[in-house]
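K.L.:
I'd like to ask you about the structure that follows.
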Amino acid sequence: MDFIYPLFIALLPVALLVYYIFNKDTEKEPVKELWIAFGFGVISLFVSLFFSLPFGELGLYTDEPSTILEAIDASFWSAAIPEEIAKLIMLWLFMRRCKEYDQYMDGIIYAVCISLGFAAIENIMYVFDSEEWMSTGILRALTAVPGHYCFGVLMGYYYSKVEFGHHATVKDKIMVLLAPIITHGIYDALLFVGALYADTELDIIILPIVALFIYFIYKLHKYCSKRISDTLEQDRLDIALRDGGKDK
């Protein structure tokens with residue numbers, strides 16, 4: 001039964017964030033669809049390997065970066081780019097068969113569920129692989145899992161903007177993938193660069209990097225909260241127009 005506690009620590013933040021985004025919706029999505037989207041997210045982790053492994057073979061990144069440039073390369077080519085491409089592929093496949101996708105907020109909700117499905121498996125792997133599983137689980141509950149949540153918010157926001165927006169631009173279409181890749185890459189880059197100096201005489205450099213990381217996470221969550229608020233307001237306007245049309 002010892003595996004129950006690490007599993008609980010790994011999955012609790014994921015469950016809380018799924019519940020949080022579910023309750024944000026003005027017209028709740030079927031729980032069954034959330035589970036299916038979550039499952040697509042689990043699959044996306046394995047799909048990402050079809051991109052990250054070839055990128056590694058091409059020498060686009062190294063598993064053990066020793067310079068800042070190598071850390072940045074690893075952040076994008078081993079994580080941000082393959083993972084967000086995989087999530088977008090699974091989001092597109094999911095949306096093709098989802099008949100419940102009829103509001104702007106739905107895109108955010110389903111993208112977040114897919115992103116958190118990815119995060120759930122990744123979190124389990126990290127927690128069970130760590131001897132200090134409790135501290136690892138708590139640290140990732142405060143950083144990595146909310147990070148994946150935010151990446152999902154951005155992808156879903158632009159996905160719905162392109163799907164339903166009458167004035168979607170080329171920039172909006174590009175940002176469906178570019179926004180989560182950039183934020184994910186910056187997130188990992190700050191962590192990877194910090195890790196370079198963790199056990200060196202220059203470990204004092206970690207303090208400003210940690211401060212920058214915290215500031216980045218704060219701004220990212222604030223930005224995502226604004227996107228959610230804007231999306232909910234757009235849905236409320238659409239519902240009001242729809243109901244007003246019915247009254248007539």
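We label chains A, B, ... in the order they appear in the structure tokens, count residues from 1 in each chain, and number ligands from 1 in the order shown.
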Near segment 160-169 of chain A, within 8 Å and counting only C-alpha atoms, which residues show up once chain neighbours fewer than 5 positions away are dropped, as a compact mmCIF listing (two decimals) with C-alpha atoms, in the first residue's frame?
P.N.:
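Final output, saved to result_35.txt:
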```txt
# COMPACT_ATOMS: atom_id res chain seq x y z
CA GLN A 103 -18.31 27.78 -26.70
CA TYR A 104 -15.04 29.68 -26.37
CA MET A 105 -14.47 28.42 -22.82
CA ASP A 106 -14.82 24.81 -23.96
CA GLY A 107 -11.54 25.13 -25.83
CA ILE A 108 -9.74 26.18 -22.67
```
K.L.:
May I have the residues within 12 Å of Leu178 of chain A as a ChimeraX atom specification, using only C-alpha atoms and disregarding those fewer than 6 positions away in the same chain?
P.N.:
/A:76,80-82,84-85,88,151,154-155,158-159,170-172,184-185
K.L.:
Would you list, as a VMD selection string, the residues of segment 22-239 of chain A that end up in alpha helix (DSSP H) under DSSP run on this structure's backbone?
P.N.:
chain A and resid 22 to 24 31 to 57 68 to 74 81 to 97 104 to 129 133 to 142 144 to 164 170 to 196 206 to 239
K.L.:
Find the residues around Lys32 of chain A up to 12 Å (only C-alpha atoms counted), leave out those fewer than 6 positions away in its own chain, and share them as a PyMOL selection string.
P.N.:
chain A and resi 38-39+98+100+110+113
K.L.:
Can you tell me how far atom CA of Lys87 of chain A sits from atom CA of Ile114 of chain A, in Å to one decimal?
P.N.:
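Distance between the two atoms: 6.7 Å.
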K.L.:
Taking 2 positions as the minimum chain separation for residues in the same chain, which residues sit within 10 Å of segment 130-147 of chain A when counting only C-alpha atoms? Answer as an NGL selection string.
P.N.:
:A and (5-14 or 17 or 115-116 or 118-120 or 122-128 or 149-153 or 180 or 183-184 or 187-188 or 213-214 or 217 or 220-221)
K.L.:
What would the file look like if the residues just selected were written as a PDB file, in the first residue's frame with C-alpha atoms?
P.N.:
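Once written, selection.pdb looks like this:
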```pdb
ATOM      1  CA  TYR A   5       0.650   7.930  -0.822  1.00  0.00           C
ATOM      2  CA  PRO A   6       3.070   8.954  -3.614  1.00  0.00           C
ATOM      3  CA  LEU A   7       0.280   8.408  -6.132  1.00  0.00           C
ATOM      4  CA  PHE A   8      -2.025  10.650  -4.100  1.00  0.00           C
ATOM      5  CA  ILE A   9       0.618  13.373  -3.864  1.00  0.00           C
ATOM      6  CA  ALA A  10       1.243  13.153  -7.614  1.00  0.00           C
ATOM      7  CA  LEU A  11      -2.405  13.304  -8.682  1.00  0.00           C
ATOM      8  CA  LEU A  12      -3.972  15.641  -6.115  1.00  0.00           C
ATOM      9  CA  PRO A  13      -2.815  18.932  -7.727  1.00  0.00           C
ATOM     10  CA  VAL A  14      -3.945  17.647 -11.122  1.00  0.00           C
ATOM     11  CA  LEU A  17      -6.924  22.083 -11.214  1.00  0.00           C
ATOM     12  CA  SER A 115      -2.407  19.276 -20.689  1.00  0.00           C
ATOM     13  CA  LEU A 116      -3.128  17.988 -17.180  1.00  0.00           C
ATOM     14  CA  PHE A 118       0.126  14.846 -19.706  1.00  0.00           C
ATOM     15  CA  ALA A 119       1.119  16.415 -16.382  1.00  0.00           C
ATOM     16  CA  ALA A 120      -0.437  13.562 -14.398  1.00  0.00           C
ATOM     17  CA  GLU A 122       4.803  13.062 -15.905  1.00  0.00           C
ATOM     18  CA  ASN A 123       4.187  13.820 -12.230  1.00  0.00           C
ATOM     19  CA  ILE A 124       3.756  10.155 -11.346  1.00  0.00           C
ATOM     20  CA  MET A 125       7.057   9.360 -13.062  1.00  0.00           C
ATOM     21  CA  TYR A 126       8.945  12.096 -11.209  1.00  0.00           C
ATOM     22  CA  VAL A 127       7.417  11.377  -7.799  1.00  0.00           C
ATOM     23  CA  PHE A 128       7.936   7.611  -7.945  1.00  0.00           C
ATOM     24  CA  TYR A 149      -2.323  24.131 -16.592  1.00  0.00           C
ATOM     25  CA  CYS A 150      -1.272  27.554 -17.910  1.00  0.00           C
ATOM     26  CA  PHE A 151       0.137  26.100 -21.138  1.00  0.00           C
ATOM     27  CA  GLY A 152      -3.249  24.456 -21.672  1.00  0.00           C
ATOM     28  CA  VAL A 153      -5.120  27.713 -21.002  1.00  0.00           C
ATOM     29  CA  PRO A 180       2.414  27.451 -25.084  1.00  0.00           C
ATOM     30  CA  THR A 183       5.952  29.976 -22.083  1.00  0.00           C
ATOM     31  CA  HIS A 184       6.873  26.311 -21.587  1.00  0.00           C
ATOM     32  CA  TYR A 187       9.705  28.014 -17.721  1.00  0.00           C
ATOM     33  CA  ASP A 188      12.075  25.083 -18.348  1.00  0.00           C
ATOM     34  CA  PHE A 213      11.159  32.230 -12.051  1.00  0.00           C
ATOM     35  CA  ILE A 214       8.652  33.206  -9.343  1.00  0.00           C
ATOM     36  CA  ILE A 217       5.031  32.204 -12.871  1.00  0.00           C
ATOM     37  CA  LEU A 220       1.877  33.847 -16.414  1.00  0.00           C
ATOM     38  CA  HIS A 221      -0.938  32.969 -14.013  1.00  0.00           C
TER      39      HIS A 221
END
```
K.L.:
So what do you get for atom CA of Phe51 of chain A versus atom CA of Trp77 of chain A, distance-wise?
P.N.:
8.7 Å
K.L.:
In Å to one decimal, how far is atom CA of Phe22 of chain A from atom CA of Asp243 of chain A?
P.N.:
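About the pair atom CA of Asp243 of chain A and atom CA of Phe22 of chain A: they are 22.8 Å apart.
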K.L.:
Measuring atom to atom with only C-alpha atoms, identify which of A:Ile186, A:Phe216, A:Phe46, A:Leu241 is nearest to Asp73 of chain A.
P.N.:
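Using only C-alpha atoms, Asp73 of chain A sits closest to A:Ile186.
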K.L.:
Let me make sure I understand: among A:Thr231, A:Tyr215, A:Leu69, A:Leu91, which one has the smallest atom-to-atom distance to Ser44 of chain A if we use only C-alpha atoms?
P.N.:
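Nearest to Ser44 of chain A: A:Leu91.
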K.L.:
Which of these, A:Ser225, A:Gln234, A:Ser75, A:Ser66, has the shortest distance to Leu191 of chain A once you count only C-alpha atoms?
P.N.:
A:Ser75
K.L.:
With distances taken over only C-alpha atoms, which of A:Pro208, A:Tyr157, A:Leu177, A:Ser52 is nearest to Lys226 of chain A?
P.N.:
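Answer, going by the shortest atom-to-atom distance: A:Tyr157.
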K.L.:
From the options A:Leu207, A:Ala189, A:Cys224, A:Ile109, which residue's atoms come nearest to Thr26 of chain A, counting only C-alpha atoms?
P.N.:
A:Ile109
